[in-house]
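What follows is a set of notes on a single structure, which appears directly below.
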Protein chains: 4
Amino acid sequence: MRGFGMIAVDQVGWLDHPRPQCGPLDAIVRPTMVAPCTSDIRVSHGWAGQRGDIILGHEAIGVVDEVGPLVTSFKPGDLVAVPCVTPDWLSAGVQHARQISHDTGEQASYKFASSKDGVMAQFFHVNQADANLARIPDDVSPEAALMAVDMMPTALRGVEVAEVGFGETVVVIGIGPVGLLAVAGAVLRGAGRVIAVGTRRASQSVALQYGASEVISYRDGRLSDLILACTGDLGANKAIVAGGDAATLAEAVRLVRPGGIVSNINFFGETEVLQLPISDWGLGMADIDIRGSFCPGGGQMVTSMMELIRNGRIDPTLIISHRLSGWDALPQAFELMDIKPPDLIKPVVVV
Amino acid sequence: MRGFGMIAVDQVGWLDHPRPQCGPLDAIVRPTMVAPCTSDIRVSHGWAGQRGDIILGHEAIGVVDEVGPLVTSFKPGDLVAVPCVTPDWLSAGVQHARQISHDTGEQASYKFASSKDGVMAQFFHVNQADANLARIPDDVSPEAALMAVDMMPTALRGVEVAEVGFGETVVVIGIGPVGLLAVAGAVLRGAGRVIAVGTRRASQSVALQYGASEVISYRDGRLSDLILACTGDLGANKAIVAGGDAATLAEAVRLVRPGGIVSNINFFGETEVLQLPISDWGLGMADIDIRGSFCPGGGQMVTSMMELIRNGRIDPTLIISHRLSGWDALPQAFELMDIKPPDLIKPVVVV
Amino acid sequence: MRGFGMIAVDQVGWLDHPRPQCGPLDAIVRPTMVAPCTSDIRVSHGWAGQRGDIILGHEAIGVVDEVGPLVTSFKPGDLVAVPCVTPDWLSAGVQHARQISHDTGEQASYKFASSKDGVMAQFFHVNQADANLARIPDDVSPEAALMAVDMMPTALRGVEVAEVGFGETVVVIGIGPVGLLAVAGAVLRGAGRVIAVGTRRASQSVALQYGASEVISYRDGRLSDLILACTGDLGANKAIVAGGDAATLAEAVRLVRPGGIVSNINFFGETEVLQLPISDWGLGMADIDIRGSFCPGGGQMVTSMMELIRNGRIDPTLIISHRLSGWDALPQAFELMDIKPPDLIKPVVVV
Amino acid sequence: MRGFGMIAVDQVGWLDHPRPQCGPLDAIVRPTMVAPCTSDIRVSHGWAGQRGDIILGHEAIGVVDEVGPLVTSFKPGDLVAVPCVTPDWLSAGVQHARQISHDTGEQASYKFASSKDGVMAQFFHVNQADANLARIPDDVSPEAALMAVDMMPTALRGVEVAEVGFGETVVVIGIGPVGLLAVAGAVLRGAGRVIAVGTRRASQSVALQYGASEVISYRDGRLSDLILACTGDLGANKAIVAGGDAATLAEAVRLVRPGGIVSNINFFGETEVLQLPISDWGLGMADIDIRGSFCPGGGQMVTSMMELIRNGRIDPTLIISHRLSGWDALPQAFELMDIKPPDLIKPVVVV
């Protein structure tokens, strides 16, 4: 079976792996559309350590090809969206609401291209299909459904963790695909003023379409100073960090007011160190929370995202900037994500 | 000083009261626009017991006419929106987040036309002005600001208490002015499918403009049966009750699924009795909450509402169906609310 | 296989059923100690409708006798506590934190003596053993472990749902075994004054041992009047309902103050009707919640309970008033629960 | 008027200040018992910057000496406990539940020895007396009441912010007076295993009396390694930081498991910098929150603490190690806190 993956750090290409085996609770899915994600790129460059010979990709929709004998809700031929996080629902970890992404350990519910091959292959494996697949309704387009498996739930998780309240001022830092949907999500959660932070024109335009009150650029000055200046020195109520590095996170802490929440959904490199002056964190006594979360998992979560799409609450396809077709276009899509041309936000590949 | 009020049960008219006195922390406000509320009408018909000789009205914006010597943030001439709920912020009750509307007793933070004269007068009194007034920004219209003092916060409080989650199915029962804004609020909080329940054409049209997925009528059958039928027998996630009587509330309990929340923001008569078959409440063991809340209070709350308006998140003026002008139009506005012609949603009166 | 159960309404006795079959994810457990529960009695009297030929019981600890081929964490011979609620963790329902007790429908995660035979048999079946069993540590006695499968988690769930805060005044209505543990739980959650309501001497004594500030009796007057009188007319912050009928629930609503929560963990009959004067519920506008919950499920929950026991936070065996031995004592234990002699709180049977 | 205070950095002594003036909403209190706090010491050494000529102290009980004309609930002669945090309840900041300690800015509700003279004087000023005083009931001892104004509420706030759940494993780092009460608070909130971290014998003994499951010392090895080792490499559920420096905080983040919460109630120096390897924070994606809070304020909060004391839930006087008497003993008490002899936990001074 052919799959696109990581041969070694800084080296991607085609791999030939055996078709995965279907356990009694599991499904084998044949993808019909996939999308590379920035985290695929980063992993390929060694952000998550030395790895190799692993098929990449964790964003896919597709057709069920095979199900195990204990699967009751899905059958071959079903069109499904597959969450990028597929917990082992029988593990101890998921019995705590805050932890379903960490079934048997940190981020362990995230299995694609991590503890097993990813989705950029002719077939891929889904554990516990009944709990981890979501049927795609007729009124949700394939592209929209694909955005519901990682981009939307990660972004909306960031909004939930930020506990955005009606009328609040929210800063979204980083307006790549997840950040843009976090802008949409903050608006959809009842934020008042939403300040999007990013420099790329294509993204700025979509941010405004998603309801950003204004867009500012990193280039305009020190971010926290900019936000303090434009909020009468009060600071924002909440900050959602969807880009940058550990220094960006420290800026986010500095720009919220007492009682504020910084919600991180960014992917940092394993060797980064947060350097946070305690005085920028209100001396640790200002009721400012620094929270870091992860895409939630499971089929119901994807279904919830599709409910938003079906009812016209959000159109996640606005972030799709490039549409490619065919397996052979995968390396190109991957390279696009890597070199990030100015007009790129998110590519998808029909396979 | 002239004021429009309740002379006795079922009798409204003009009263001549002395101009209210301004305490050291207080303000006297001269209203520029007021709106009668269904609860004014109900009070005038004795729903809250025998009363008389009291000026009615609790929805107003206006100009500060006088402030007490301890007031620091407002001065005569300021254009302000006045929350219908003005807590005594020095009382014990407000030190509990769930209770700011109940400062020294049940609904005691609600003072207009209750423990003192209301706002439909040449001047009215606001306790603790620094905490209970909100300056109207230039980019918020008087009509919109007026909707921010009771209609919007009551509706959005209903949404908050319902803990509406991303993608959930929410039923809003009753689409008078508050119910309509609850539809808008549920959408603004991230609901998926929103089912509005009401029969009046004018309201149905606004419900759809505010994002209702569909509108059903009480006349189509038993409400809970209708909802169960259209949700594959699952029931809704949440129900917001903004109309009807105690029997409506019981229907709301029956139509939500396990884990559901019924959020009441309706005003019942003092003698109503909820008759709820325990089996319709999941035998009291289905994690279904029955919650009843009240408009929150204070200037900051009104400011939050106006932040939503300024940033284009919600246009509360869609519910204004009738615009009248002059003090002499007040009785007519009041009568409109009482007889409720088919095209009426909410009248406002420029005074 | 021999089991004690319900032959028909009002008729219990020995049944001869085949040993249950073990599915691939499941376990068969041989009980070593069981306890009848008031709900077994009520079911036997038809509270949950016409039933028959079903083995009763849902409180047991025991030894694993057989596991399915997909079970990884348990093996025959393991000493385990079995939660009375054993969700299907692969169902949609459990992916919502508020609903794990309602996997595929109302209370559907509660399977023993409901959708399958109960635990009062030589062997019983546990679905999804990895998720639904809990190993008993050496430092937890069998009796204590047995109290951790239903009595403790039901009681503590009532406390959690009541959102008991530090220093609050909490009324626990009904001091049968669950109510007594709710007293202990309220104390363990940081309540200040805890008022236990019940008439039986044996229970009153244990309530005081568990930290009740005082005990009052239904016989002393109308319950809500008593509480209002002893709280300076304020009412309690929270009420936990662990006994009585629908009228008791209405009293609970009347005795809490604005912002209060009534948390029901009582088991009502299917035909009861709550009759609640709206004025006793603060006109539905006093931020008083009426919540009804159910024992949560899963092995981790039982493990949490045993962590409390191991660390000396609570001794649930204080509620055990009668200790019997042998299968032949089961009918006697059952009858004890039915006739409730004055000194009875909770019987256990070593089998 | 005589008062003990900070003359300059590193220099404390007696000051002669005029008796404070009583505003219309305020009170003047004559202290009867005061306690120096570690933060007084730190401030005196310049942790909060260059200051001078300010009376220190923020922990006091006393007798009301004078009230302003608008005060309704207190009168001269009343015995009161005074919260160390006394918000301006008419400010915008307090209208957000997470922010009552930050009325007009970061920690601005904390006024004693910060924006005005502290309590270690013949008389001290309390703003908004009706909201910021608490009458001491007959059944609460003066010493216990004194512990209810800062030590208890700070500690219990740390527990609340940590969202301690039933049966969880909680690490309390630092067992000075606040840390010890955090141990008691974690137990009182339903923690299972509570691991106290500290080296001083006197404190270790009180930690065990308050229910710590075990006590470990910083000297036994790297703290996070110790906790990981004794929790089967899982880590703790929650960590409460009540001592150490920014490096300690980083350790706390490393020792909690996914889903964990680190709750800081420690007072850091203004120039400290948190250096946190992102990998120790689960790469910012492990649902680990880093929260920092502050003593809540207001009279009701103190009353809640005293409700715990009255009902025997906690005895805060166990932390009092030294009892001194007379104004002249104040410098000695202050010096005790500064040099910290081995048997010192918390001194109090009857004045």
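Ligands are numbered from 1 in the order shown, residues from 1 within each chain, and chains are lettered A, B, ... in the order they appear in the structure tokens.
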List the neighbours of Tyr218 of chain D out to 12 Å using only C-alpha atoms; skip same-chain residues closer than 5 positions along the sequence, and give me the result as a CSV table (one decimal) with C-alpha atoms, in the first residue's frame.
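part09.csv, freshly written:
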chain,number,residue,atom,x,y,z
D,173,ILE,CA,4.2,23.0,47.8
D,174,GLY,CA,5.3,25.1,50.7
D,175,ILE,CA,3.9,24.6,54.2
D,196,ALA,CA,2.7,18.2,51.5
D,197,VAL,CA,6.1,19.5,50.6
D,198,GLY,CA,8.2,21.3,53.1
D,199,THR,CA,11.2,20.8,55.4
D,200,ARG,CA,10.4,22.5,58.7
D,223,LEU,CA,10.5,17.7,43.5
D,224,SER,CA,8.9,16.7,40.2
D,225,ASP,CA,10.9,13.5,40.1
D,226,LEU,CA,9.8,12.6,43.6
D,227,ILE,CA,6.1,13.1,42.8
D,243,GLY,CA,6.1,28.7,48.6
D,244,GLY,CA,9.4,28.8,46.7
D,248,THR,CA,9.3,26.0,42.1
D,251,GLU,CA,8.5,22.2,39.0
Determine, for each residue of chain B having at least one atom at most 9 Å from an atom of chain D, the closest pair of atoms and their separation in Å to one decimal, counting only C-alpha atoms; order by chain and ascending number, as JSON lines.
{"residue": "B:Pro24", "atom": "CA", "partner": "D:Leu70", "partner_atom": "CA", "distance": 8.8}
{"residue": "B:Leu70", "atom": "CA", "partner": "D:Pro24", "partner_atom": "CA", "distance": 8.8}
{"residue": "B:Trp89", "atom": "CA", "partner": "D:Trp89", "partner_atom": "CA", "distance": 5.8}
{"residue": "B:Leu90", "atom": "CA", "partner": "D:Ala131", "partner_atom": "CA", "distance": 4.9}
{"residue": "B:Ser91", "atom": "CA", "partner": "D:Ala131", "partner_atom": "CA", "distance": 6.2}
{"residue": "B:Ala92", "atom": "CA", "partner": "D:Gln300", "partner_atom": "CA", "distance": 6.3}
{"residue": "B:Gly93", "atom": "CA", "partner": "D:Gln300", "partner_atom": "CA", "distance": 8.7}
{"residue": "B:Gln95", "atom": "CA", "partner": "D:Gln300", "partner_atom": "CA", "distance": 6.7}
{"residue": "B:His96", "atom": "CA", "partner": "D:Ala97", "partner_atom": "CA", "distance": 8.4}
{"residue": "B:Ala97", "atom": "CA", "partner": "D:Ala97", "partner_atom": "CA", "distance": 6.1}
{"residue": "B:Gln128", "atom": "CA", "partner": "D:Leu90", "partner_atom": "CA", "distance": 7.3}
{"residue": "B:Ala129", "atom": "CA", "partner": "D:Leu90", "partner_atom": "CA", "distance": 8.6}
{"residue": "B:Asp130", "atom": "CA", "partner": "D:Leu90", "partner_atom": "CA", "distance": 6.2}
{"residue": "B:Ala131", "atom": "CA", "partner": "D:Leu90", "partner_atom": "CA", "distance": 4.9}
{"residue": "B:Asn132", "atom": "CA", "partner": "D:Leu90", "partner_atom": "CA", "distance": 8.4}
{"residue": "B:Gly298", "atom": "CA", "partner": "D:Gln95", "partner_atom": "CA", "distance": 7.5}
{"residue": "B:Gly299", "atom": "CA", "partner": "D:Ala92", "partner_atom": "CA", "distance": 7.9}
{"residue": "B:Gln300", "atom": "CA", "partner": "D:Ala92", "partner_atom": "CA", "distance": 6.3}
{"residue": "B:Met301", "atom": "CA", "partner": "D:Gln95", "partner_atom": "CA", "distance": 8.0}
Name the residues of segment 137-330 of chain D that fall into strand (DSSP E) according to DSSP on the backbone, using the chain letters and numbers of this document, as an MDAnalysis selection string.
-> chainID D and resid 170:173 194:197 214:216 236:241 256:264 273:277 288:292 320:325
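Between atom CA of Ala329 of chain A and atom CA of Val9 of chain A the separation is 21.4 Å.
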Leaving out Asn127 of chain A and any residue of its chain fewer than 6 positions from it, which residues lie within 7 Å of it when counting only C-alpha atoms, given as a PyMOL selection string?
-> chain A and resi 25-27+86
Just asking: which residues within segment 26-232 of chain B are helix (DSSP H, G or I) according to DSSP, as a PyMOL selection string?
-> chain B and resi 38-44+93-95+97-99+129-132+142-147+151-161+177-188+201-209+218-220+223-230
Extract, using only C-alpha atoms, all DNA, RNA and protein residues at most 6 Å from segment 29-35 of chain A, discarding same-chain residues fewer than 4 positions from it, and format them as a PyMOL selection string.
-> chain A and resi 59-65+122-124+348-351
Extract, using only C-alpha atoms, all DNA, RNA and protein residues at most 7 Å from Glu307 of chain B, discarding same-chain residues fewer than 3 positions from it, and format them as a PDB file with N, CA, C and O atoms, in the first residue's frame.
ATOM      1  N   GLY A 167     -19.554  39.914  24.648  1.00  0.00           N
ATOM      2  CA  GLY A 167     -19.076  41.280  24.617  1.00  0.00           C
ATOM      3  C   GLY A 167     -17.604  41.461  24.938  1.00  0.00           C
ATOM      4  O   GLY A 167     -17.119  42.594  24.950  1.00  0.00           O
ATOM      5  N   GLY A 192     -17.140  40.459  21.686  1.00  0.00           N
ATOM      6  CA  GLY A 192     -17.443  41.768  21.131  1.00  0.00           C
ATOM      7  C   GLY A 192     -16.367  42.112  20.114  1.00  0.00           C
ATOM      8  O   GLY A 192     -16.443  41.737  18.963  1.00  0.00           O
TER       9      GLY A 192
ATOM     10  N   THR B 303     -22.703  47.743  29.310  1.00  0.00           N
ATOM     11  CA  THR B 303     -21.551  48.032  28.451  1.00  0.00           C
ATOM     12  C   THR B 303     -21.195  46.805  27.605  1.00  0.00           C
ATOM     13  O   THR B 303     -20.882  46.920  26.412  1.00  0.00           O
ATOM     14  N   SER B 304     -21.238  45.626  28.211  1.00  0.00           N
ATOM     15  CA  SER B 304     -20.965  44.384  27.449  1.00  0.00           C
ATOM     16  C   SER B 304     -21.958  44.221  26.303  1.00  0.00           C
ATOM     17  O   SER B 304     -21.572  43.830  25.196  1.00  0.00           O
ATOM     18  N   ARG B 310     -21.843  47.382  19.030  1.00  0.00           N
ATOM     19  CA  ARG B 310     -20.821  48.167  18.313  1.00  0.00           C
ATOM     20  C   ARG B 310     -20.041  47.329  17.320  1.00  0.00           C
ATOM     21  O   ARG B 310     -19.592  47.829  16.293  1.00  0.00           O
ATOM     22  N   ASN B 311     -19.805  46.078  17.682  1.00  0.00           N
ATOM     23  CA  ASN B 311     -19.010  45.228  16.819  1.00  0.00           C
ATOM     24  C   ASN B 311     -19.867  44.450  15.817  1.00  0.00           C
ATOM     25  O   ASN B 311     -19.386  43.519  15.174  1.00  0.00           O
TER      26      ASN B 311
END
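Note that atom CA of Phe294 of chain C and atom CA of Ala134 of chain A are 28.3 Å apart.
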